[in-house]
$ cat entry-v4.cif   # mmCIF, C-alpha atoms
data_my_file
loop_
_atom_site.label_atom_id
_atom_site.label_comp_id
_atom_site.auth_asym_id
_atom_site.auth_seq_id
_atom_site.Cartn_x
_atom_site.Cartn_y
_atom_site.Cartn_z
CA MET U 1 -11.52 -15.43 8.54
CA PRO U 2 -9.77 -13.40 5.79
CA ARG U 3 -9.76 -15.15 2.47
CA ARG U 4 -7.43 -15.03 -0.47
CA VAL U 5 -8.91 -13.91 -3.78
CA ASP U 6 -6.10 -14.87 -6.14
CA ALA U 7 -8.30 -16.58 -8.71
CA LEU U 8 -11.24 -14.20 -8.64
CA PRO U 9 -11.38 -11.80 -11.61
CA LEU U 10 -11.86 -8.14 -10.72
CA PRO U 11 -13.38 -5.31 -12.72
CA ARG U 12 -10.81 -2.83 -13.96
CA LEU U 13 -10.63 0.76 -12.87
CA ALA U 14 -12.22 3.44 -15.03
CA SER U 15 -10.30 3.73 -18.28
CA PRO U 16 -7.46 3.59 -18.36
CA LEU U 17 -6.16 2.72 -14.92
CA ARG U 18 -4.40 -0.60 -14.77
CA LEU U 19 -1.91 -1.02 -11.95
CA ALA U 20 1.60 -1.93 -12.97
CA LEU U 21 4.20 -2.62 -10.31
CA TYR U 22 7.08 -0.68 -11.78
CA GLY U 23 9.41 -1.03 -8.86
CA VAL U 24 9.55 -1.30 -5.11
CA ALA U 25 12.96 -0.27 -3.84
CA LEU U 26 13.99 -1.19 -0.31
CA ALA U 27 16.96 0.73 1.07
CA ALA U 28 18.33 0.09 4.55
CA LEU U 29 20.07 3.36 5.35
CA THR U 30 21.75 4.55 8.53
CA LEU U 31 21.71 8.33 8.58
CA ALA U 32 24.98 9.99 9.58
CA GLY U 33 24.76 12.33 12.64
CA GLY U 34 22.03 14.87 13.13
CA CYS U 35 18.32 14.50 12.61
CA ALA U 36 16.43 14.25 9.37
CA LYS U 37 13.65 16.76 8.79
CA THR U 38 10.48 14.68 8.84
CA PRO U 39 6.76 15.43 8.98
CA ALA U 40 4.94 15.59 12.30
CA GLY U 41 4.00 12.19 13.68
CA LEU U 42 7.16 10.39 12.57
CA ASN U 43 10.45 9.93 14.39
CA ALA U 44 13.02 12.61 13.63
CA ARG U 45 15.88 10.12 13.29
CA VAL U 46 15.31 7.60 10.51
CA ASN U 47 17.50 4.52 10.25
CA HIS U 48 15.74 2.50 7.57
CA GLN U 49 13.77 3.70 4.59
CA MET U 50 11.62 2.09 1.93
CA LEU U 51 11.47 3.84 -1.43
CA VAL U 52 8.30 3.00 -3.36
CA GLN U 53 7.32 3.69 -6.95
CA MET U 54 4.09 2.62 -8.65
CA THR U 55 3.11 3.32 -12.26
CA VAL U 56 -0.43 3.12 -13.64
CA ARG U 57 -1.63 3.07 -17.20
CA GLY U 58 -3.13 6.51 -17.68
CA ARG U 59 -3.02 9.21 -15.00
CA ILE U 60 -3.38 9.19 -11.22
CA ASN U 61 -6.89 10.43 -10.39
CA PRO U 62 -6.91 12.25 -7.00
CA ASN U 63 -10.63 11.47 -6.70
CA HIS U 64 -9.86 7.74 -6.78
CA HIS U 65 -8.13 6.01 -3.88
CA TYR U 66 -4.71 4.35 -3.94
CA PHE U 67 -3.39 2.19 -1.11
CA PHE U 68 0.07 0.77 -0.51
CA ALA U 69 -0.79 -1.97 1.99
CA LEU U 70 1.82 -3.63 4.20
CA ASP U 71 1.76 -6.73 6.40
CA ALA U 72 4.58 -6.48 8.96
CA THR U 73 3.70 -9.60 10.98
CA GLY U 74 6.66 -11.44 9.44
CA ASP U 75 4.43 -14.30 8.24
CA THR U 76 4.27 -14.68 4.46
CA ALA U 77 1.34 -17.13 4.50
CA GLN U 78 -1.15 -14.26 4.29
CA GLY U 79 -0.92 -10.70 3.08
CA PRO U 80 -2.89 -7.68 1.86
CA VAL U 81 -5.69 -8.27 -0.65
CA PRO U 82 -8.46 -5.97 -1.93
CA VAL U 83 -12.07 -5.87 -0.77
CA ILE U 84 -14.24 -6.76 -3.75
CA GLY U 85 -17.78 -7.14 -2.39
CA PRO U 86 -20.06 -6.75 0.63
CA PRO U 87 -19.72 -6.88 3.52
CA TRP U 88 -17.16 -4.19 2.76
CA GLY U 89 -15.34 -3.99 6.08
CA ASN U 90 -13.09 -0.94 5.82
CA GLY U 91 -14.11 -0.52 2.18
CA TRP U 92 -10.80 -1.28 0.48
CA GLY U 93 -8.49 -3.86 2.11
CA ALA U 94 -8.71 -7.37 3.56
CA GLY U 95 -6.43 -10.30 4.29
CA ARG U 96 -3.67 -9.31 6.69
CA ILE U 97 -2.61 -5.64 6.81
CA THR U 98 -0.75 -3.89 9.62
CA HIS U 99 0.09 -0.54 7.97
CA TYR U 100 -0.79 1.36 4.82
CA VAL U 101 -0.27 4.52 2.84
CA GLN U 102 -3.42 6.12 1.44
CA ILE U 103 -3.08 8.45 -1.53
CA ASP U 104 -6.09 10.56 -2.52
CA SER U 105 -7.71 13.98 -2.13
CA LEU U 106 -8.88 13.04 1.40
CA GLN U 107 -5.32 13.16 2.75
CA PRO U 108 -3.39 16.31 3.72
CA GLY U 109 -0.96 16.73 0.84
CA PHE U 110 -2.57 13.67 -0.81
CA TYR U 111 -0.55 11.16 1.28
CA GLY U 112 -1.29 9.62 4.70
CA PHE U 113 0.60 6.87 6.58
CA TYR U 114 -1.49 4.73 8.97
CA ARG U 115 -1.29 1.74 11.32
CA PHE U 116 -4.22 -0.58 11.97
CA GLU U 117 -5.00 -1.17 15.63
CA PRO U 118 -4.57 -4.92 16.39
CA GLY U 119 -7.74 -6.89 16.97
CA THR U 120 -10.08 -4.39 15.29
CA ASN U 121 -10.70 -6.32 12.03
CA LEU U 122 -8.91 -3.60 10.02
CA LEU U 123 -11.47 -1.01 11.14
CA GLN U 124 -9.55 1.25 13.54
CA THR U 125 -6.43 3.13 12.53
CA VAL U 126 -3.74 5.36 13.99
CA TYR U 127 -2.45 8.21 11.83
CA LEU U 128 1.36 8.18 11.71
CA GLY U 129 1.78 11.29 9.58
CA ARG U 130 2.86 11.76 6.00
CA PRO U 131 5.58 9.72 4.29
CA LEU U 132 9.10 11.05 4.74
CA ALA U 133 8.99 12.28 1.15
CA ALA U 134 6.40 12.16 -1.62
CA ASP U 135 6.15 13.51 -5.15
CA PRO U 136 3.09 15.56 -6.24
CA ILE U 137 0.37 13.54 -7.96
CA GLN U 138 -0.97 16.19 -10.33
CA ASP U 139 -0.90 15.10 -13.99
CA THR U 140 1.28 12.05 -13.46
CA SER U 141 1.08 8.30 -13.92
CA VAL U 142 3.65 7.57 -11.21
CA LEU U 143 3.44 7.56 -7.42
CA ASN U 144 6.76 8.07 -5.61
CA PHE U 145 7.15 8.16 -1.85
CA THR U 146 9.55 7.22 0.95
CA LEU U 147 8.52 5.45 4.16
CA ASP U 148 10.11 5.23 7.58
CA LEU U 149 10.58 1.48 7.69
CA ASP U 150 11.28 1.59 11.42
CA ALA U 151 7.61 2.51 11.95
CA LEU U 152 6.90 -1.18 11.16
CA ALA U 153 9.13 -2.48 13.96
CA ILE U 154 7.59 -5.33 15.95
CA ALA U 155 9.72 -4.30 18.97
CA PRO U 156 12.03 -1.34 19.55
CA ALA U 157 14.64 -1.38 16.75
CA VAL U 158 13.49 -4.86 15.60
CA LEU U 159 12.11 -5.10 12.07
CA PRO U 160 10.27 -8.20 10.84
CA ALA U 161 12.56 -10.19 8.58
CA GLU U 162 10.00 -10.04 5.78
CA ILE U 163 7.02 -7.87 4.94
CA ASN U 164 4.22 -8.37 2.41
CA VAL U 165 3.10 -5.46 0.24
CA ASN U 166 0.34 -4.88 -2.29
CA PHE U 167 -0.92 -1.94 -4.33
CA ILE U 168 -4.71 -1.58 -4.19
CA ALA U 169 -6.68 1.00 -6.17
CA THR U 170 -10.41 1.69 -6.20
CA ASP U 171 -12.89 4.34 -7.28
CA ARG U 172 -14.77 4.42 -3.97
CA ILE U 173 -14.63 3.23 -0.34
CA PRO U 174 -18.05 1.82 0.63
CA LEU U 175 -18.73 1.17 4.33
CA ASN U 176 -22.42 0.23 4.36
CA PRO U 177 -22.62 -3.60 4.31
CA ASN U 178 -25.92 -3.31 2.41
CA ASP U 179 -24.33 -1.29 -0.39
CA THR U 180 -24.45 -3.43 -3.54
CA SER U 181 -23.45 -0.72 -6.02
CA ASN U 182 -20.62 -1.44 -8.44
CA LYS U 183 -17.12 -0.89 -7.12
CA LEU U 184 -14.10 -0.78 -9.40
CA VAL U 185 -10.97 -2.42 -7.99
CA ASP U 186 -7.47 -3.26 -9.13
CA ALA U 187 -4.48 -4.74 -7.33
CA LEU U 188 -1.48 -6.94 -8.11
CA GLY U 189 -2.40 -10.08 -10.00
CA VAL U 190 -5.55 -11.16 -11.81
CA GLY U 191 -7.45 -11.56 -8.54
CA GLY U 192 -5.54 -8.92 -6.60
CA GLY U 193 -3.84 -11.39 -4.27
CA ASN U 194 -0.31 -11.41 -5.74
CA TYR U 195 1.25 -9.45 -2.89
CA VAL U 196 5.03 -9.12 -2.92
CA THR U 197 7.24 -10.38 -0.08
CA ILE U 198 10.22 -8.18 0.70
CA ASN U 199 13.27 -9.14 2.77
CA THR U 200 14.09 -6.29 5.16
CA GLN U 201 17.51 -7.63 6.12
CA THR U 202 19.33 -6.49 3.01
CA ASN U 203 19.43 -3.58 0.58
CA ARG U 204 17.68 -4.52 -2.60
CA ILE U 205 15.59 -3.09 -5.43
CA TYR U 206 12.47 -5.14 -6.19
CA ARG U 207 11.27 -4.59 -9.75
CA ASN U 208 8.26 -5.85 -11.63
CA ALA U 209 10.51 -7.59 -14.16
CA ASP U 210 12.06 -9.66 -11.36
CA SER U 211 8.73 -11.18 -10.34
CA SER U 212 7.72 -14.71 -11.27
CA GLN U 213 4.26 -13.24 -11.97
CA PRO U 214 5.01 -9.76 -13.35
CA GLU U 215 2.19 -7.24 -13.49
CA THR U 216 1.18 -6.34 -17.05
CA ALA U 217 -0.73 -3.37 -18.42
CA GLY U 218 -4.26 -4.16 -19.58
#
$ encode --input "entry-v4.cif" --output "structure tokens"
Amino acid sequence: MPRRVDALPLPRLASPLRLALYGVALAALTLAGGCAKTPAGLNARVNHQMLVQMTVRGRINPNHHYFFALDATGDTAQGPVPVIGPPWGNGWGAGRITHYVQIDSLQPGFYGFYRFEPGTNLLQTVYLGRPLAADPIQDTSVLNFTLDLDALAIAPAVLPAEINVNFIATDRIPLNPNDTSNKLVDALGVGGGNYVTINTQTNRIYRNADSSQPETAG
């Protein structure tokens, strides 16, 4: 069973890389006529978009790995949390995750959008393409990208009323369950389990300052 790790202290990423949730903006947009130009693997017509921005202390390191993990089951009782020790599973994420964006040098253009196959213990994925838009990550402390929110639909044109999201960063993605080498991890909250629940039924900007447990640098 997945377990929450809210109270478990994590080592910090190599100096200085402390996650700070600067803002998650959710915009429900209906595009006027025509088709948006989108990357291969995503629907050409986009009705709902999620605009995401994450700021770290320091600079984004393309040789590290950054994940924007989403739980689109509609149940807020569990959500995405980081993997912090063996057995590593997929090497980075645990709890409940249905989709994620991976940002690192392993991805074409540094960004990849994925869906976990149900019933595979977060081990098998389907590549959905790149985000609809994404800023370059060279020499920056900020990640900016736009997601097709309709890719999370639980049925045609039916979005879950709420989704859980978490930012997870790590220096490596171990897969060998016997690997006991040090792994540096950071995510929202002291133990990485402070995922954010977003209402998809209304336009709203979610900012760090609005949280009851705001993320702080250091």
$ closest_residue --input "entry-v4.cif" --among "U:Pro136, U:Gly89, U:Gly109, U:Pro160" --to "Thr76 (chain U)" --atoms "all atoms listed in the file"
U:Pro160
$ resolve_selection --input "entry-v4.cif" --expression "the PyMOL selection byres ((chain U and resi 189) around 9)" --output "ChimeraX atom specification"
/U:6-7,186-188,190-195,213-216
$ resolve_selection --input "entry-v4.cif" --expression "the PyMOL selection byres ((chain U and resi 67) around 6)" --output "PDB file with C-alpha atoms, keeping the file's coordinate frame"
ATOM      1  CA  TYR U  66      -4.710   4.350  -3.940  1.00  0.00           C
ATOM      2  CA  PHE U  68       0.070   0.770  -0.510  1.00  0.00           C
ATOM      3  CA  ALA U  69      -0.790  -1.970   1.990  1.00  0.00           C
ATOM      4  CA  VAL U 101      -0.270   4.520   2.840  1.00  0.00           C
ATOM      5  CA  GLN U 102      -3.420   6.120   1.440  1.00  0.00           C
ATOM      6  CA  PHE U 167      -0.920  -1.940  -4.330  1.00  0.00           C
ATOM      7  CA  ILE U 168      -4.710  -1.580  -4.190  1.00  0.00           C
TER       8      ILE U 168
END
$ closest_residue --input "entry-v4.cif" --among "U:Ile84, U:Met50, U:Ile154, U:Leu70" --to "Asp179 (chain U)" --atoms "all atoms listed in the file"
U:Ile84
$ atom_distance --input "entry-v4.cif" --atom1 "CA of Arg172 (chain U)" --atom2 "CA of Val83 (chain U)"
11.1 Å
$ atom_distance --input "entry-v4.cif" --atom1 "CA of Asn121 (chain U)" --atom2 "CA of Leu159 (chain U)"
22.8 Å
$ atom_distance --input "entry-v4.cif" --atom1 "CA of Leu51 (chain U)" --atom2 "CA of Gly119 (chain U)"
28.7 Å
$ residues_around --input "entry-v4.cif" --residues "region 98-100 of chain U" --least-positions-apart "6" --cutoff "8 Å" --atoms "only C-alpha atoms" --output "ChimeraX atom specification"
/U:67-73,113-118,152
$ closest_residue --input "entry-v4.cif" --among "U:Gln107, U:Pro131, U:Thr55, U:Gln49" --to "Arg207 (chain U)" --atoms "all atoms listed in the file"
U:Thr55
$ closest_residue --input "entry-v4.cif" --among "U:Ile163, U:Ser105, U:Leu132, U:Leu175" --to "Asn144 (chain U)" --atoms "only C-alpha atoms"
U:Leu132
$ closest_residue --input "entry-v4.cif" --among "U:Asp150, U:Ala155, U:Asn203, U:Ser211" --to "His48 (chain U)" --atoms "only C-alpha atoms"
U:Asp150
$ residues_near_point --input "entry-v4.cif" --point "(-8.2, -5.9, 3.0)" --cutoff "10 Å" --atoms "only C-alpha atoms" --output "PDB file with C-alpha atoms, in the frame of the given file"
ATOM      1  CA  PRO U   2      -9.770 -13.400   5.790  1.00  0.00           C
ATOM      2  CA  ARG U   3      -9.760 -15.150   2.470  1.00  0.00           C
ATOM      3  CA  ARG U   4      -7.430 -15.030  -0.470  1.00  0.00           C
ATOM      4  CA  ALA U  69      -0.790  -1.970   1.990  1.00  0.00           C
ATOM      5  CA  GLY U  79      -0.920 -10.700   3.080  1.00  0.00           C
ATOM      6  CA  PRO U  80      -2.890  -7.680   1.860  1.00  0.00           C
ATOM      7  CA  VAL U  81      -5.690  -8.270  -0.650  1.00  0.00           C
ATOM      8  CA  PRO U  82      -8.460  -5.970  -1.930  1.00  0.00           C
ATOM      9  CA  VAL U  83     -12.070  -5.870  -0.770  1.00  0.00           C
ATOM     10  CA  ILE U  84     -14.240  -6.760  -3.750  1.00  0.00           C
ATOM     11  CA  TRP U  88     -17.160  -4.190   2.760  1.00  0.00           C
ATOM     12  CA  GLY U  89     -15.340  -3.990   6.080  1.00  0.00           C
ATOM     13  CA  ASN U  90     -13.090  -0.940   5.820  1.00  0.00           C
ATOM     14  CA  GLY U  91     -14.110  -0.520   2.180  1.00  0.00           C
ATOM     15  CA  TRP U  92     -10.800  -1.280   0.480  1.00  0.00           C
ATOM     16  CA  GLY U  93      -8.490  -3.860   2.110  1.00  0.00           C
ATOM     17  CA  ALA U  94      -8.710  -7.370   3.560  1.00  0.00           C
ATOM     18  CA  GLY U  95      -6.430 -10.300   4.290  1.00  0.00           C
ATOM     19  CA  ARG U  96      -3.670  -9.310   6.690  1.00  0.00           C
ATOM     20  CA  ILE U  97      -2.610  -5.640   6.810  1.00  0.00           C
ATOM     21  CA  ASN U 121     -10.700  -6.320  12.030  1.00  0.00           C
ATOM     22  CA  LEU U 122      -8.910  -3.600  10.020  1.00  0.00           C
ATOM     23  CA  ILE U 168      -4.710  -1.580  -4.190  1.00  0.00           C
TER      24      ILE U 168
END
$ resolve_selection --input "entry-v4.cif" --expression "the PyMOL selection byres ((chain U and resi 170) around 6)" --output "PyMOL selection string"
chain U and resi 65+169+171-172+184-185
$ closest_residue --input "entry-v4.cif" --among "U:Asn164, U:Gln138, U:Thr197, U:Asn178" --to "Ile60 (chain U)" --atoms "all atoms listed in the file"
U:Gln138
$ residues_around --input "entry-v4.cif" --residues "Ala151 (chain U)" --least-positions-apart "2" --cutoff "9 Å" --atoms "only C-alpha atoms" --output "PyMOL selection string"
chain U and resi 42-43+115+128+147-149+153-154+159
$ write_last_selection --input "entry-v4.cif" --atoms "C-alpha atoms" --output "short mmCIF file (atom, residue, chain, number, x, y, z; two decimals), in the frame of the given file"
data_model
loop_
_atom_site.label_atom_id
_atom_site.label_comp_id
_atom_site.auth_asym_id
_atom_site.auth_seq_id
_atom_site.Cartn_x
_atom_site.Cartn_y
_atom_site.Cartn_z
CA LEU U 42 7.16 10.39 12.57
CA ASN U 43 10.45 9.93 14.39
CA ARG U 115 -1.29 1.74 11.32
CA LEU U 128 1.36 8.18 11.71
CA LEU U 147 8.52 5.45 4.16
CA ASP U 148 10.11 5.23 7.58
CA LEU U 149 10.58 1.48 7.69
CA ALA U 153 9.13 -2.48 13.96
CA ILE U 154 7.59 -5.33 15.95
CA LEU U 159 12.11 -5.10 12.07
#
$ build_atoms --input "entry-v4.cif" --residues "region 107-125 of chain U" --atoms "N, CA, C and O atoms" --output "compact mmCIF listing (two decimals), in the frame of the given file"
# COMPACT_ATOMS: atom_id res chain seq x y z
N GLN U 107 -6.47 13.09 1.89
CA GLN U 107 -5.32 13.16 2.75
C GLN U 107 -4.66 14.55 2.67
O GLN U 107 -4.59 15.14 1.59
N PRO U 108 -4.16 15.07 3.78
CA PRO U 108 -3.39 16.31 3.72
C PRO U 108 -2.16 16.12 2.83
O PRO U 108 -1.35 15.23 3.08
N GLY U 109 -2.07 16.91 1.77
CA GLY U 109 -0.96 16.73 0.84
C GLY U 109 -1.07 15.47 0.02
O GLY U 109 -0.09 15.03 -0.59
N PHE U 110 -2.25 14.84 0.01
CA PHE U 110 -2.57 13.67 -0.81
C PHE U 110 -1.98 12.36 -0.28
O PHE U 110 -2.27 11.31 -0.82
N TYR U 111 -1.15 12.39 0.76
CA TYR U 111 -0.55 11.16 1.28
C TYR U 111 -0.79 11.06 2.79
O TYR U 111 -0.60 12.03 3.52
N GLY U 112 -1.17 9.87 3.27
CA GLY U 112 -1.29 9.62 4.70
C GLY U 112 -0.76 8.23 5.03
O GLY U 112 -1.01 7.27 4.30
N PHE U 113 -0.01 8.13 6.13
CA PHE U 113 0.60 6.87 6.58
C PHE U 113 -0.13 6.44 7.86
O PHE U 113 -0.24 7.22 8.80
N TYR U 114 -0.63 5.19 7.88
CA TYR U 114 -1.49 4.73 8.97
C TYR U 114 -1.04 3.36 9.49
O TYR U 114 -0.41 2.58 8.78
N ARG U 115 -1.44 3.06 10.73
CA ARG U 115 -1.29 1.74 11.32
C ARG U 115 -2.66 1.26 11.77
O ARG U 115 -3.42 2.00 12.39
N PHE U 116 -2.99 0.01 11.45
CA PHE U 116 -4.22 -0.58 11.97
C PHE U 116 -4.02 -1.00 13.42
O PHE U 116 -2.99 -1.57 13.79
N GLU U 117 -5.02 -0.71 14.24
CA GLU U 117 -5.00 -1.17 15.63
C GLU U 117 -5.23 -2.69 15.64
O GLU U 117 -6.18 -3.19 15.04
N PRO U 118 -4.39 -3.46 16.34
CA PRO U 118 -4.57 -4.92 16.39
C PRO U 118 -5.93 -5.29 16.98
O PRO U 118 -6.45 -4.62 17.88
N GLY U 119 -6.50 -6.36 16.44
CA GLY U 119 -7.74 -6.89 16.97
C GLY U 119 -8.99 -6.11 16.65
O GLY U 119 -10.03 -6.31 17.27
N THR U 120 -8.91 -5.21 15.65
CA THR U 120 -10.08 -4.39 15.29
C THR U 120 -10.63 -4.74 13.90
O THR U 120 -11.41 -3.98 13.34
N ASN U 121 -10.21 -5.88 13.34
CA ASN U 121 -10.70 -6.32 12.03
C ASN U 121 -10.46 -5.28 10.94
O ASN U 121 -11.30 -5.07 10.07
N LEU U 122 -9.31 -4.61 11.02
CA LEU U 122 -8.91 -3.60 10.02
C LEU U 122 -9.91 -2.44 9.95
O LEU U 122 -10.14 -1.86 8.89
N LEU U 123 -10.47 -2.07 11.11
CA LEU U 123 -11.47 -1.01 11.14
C LEU U 123 -11.00 0.24 11.90
O LEU U 123 -11.54 1.32 11.68
N GLN U 124 -10.03 0.10 12.78
CA GLN U 124 -9.55 1.25 13.54
C GLN U 124 -8.09 1.52 13.23
O GLN U 124 -7.28 0.58 13.19
N THR U 125 -7.77 2.78 12.99
CA THR U 125 -6.43 3.13 12.53
C THR U 125 -5.82 4.20 13.43
O THR U 125 -6.51 4.91 14.16
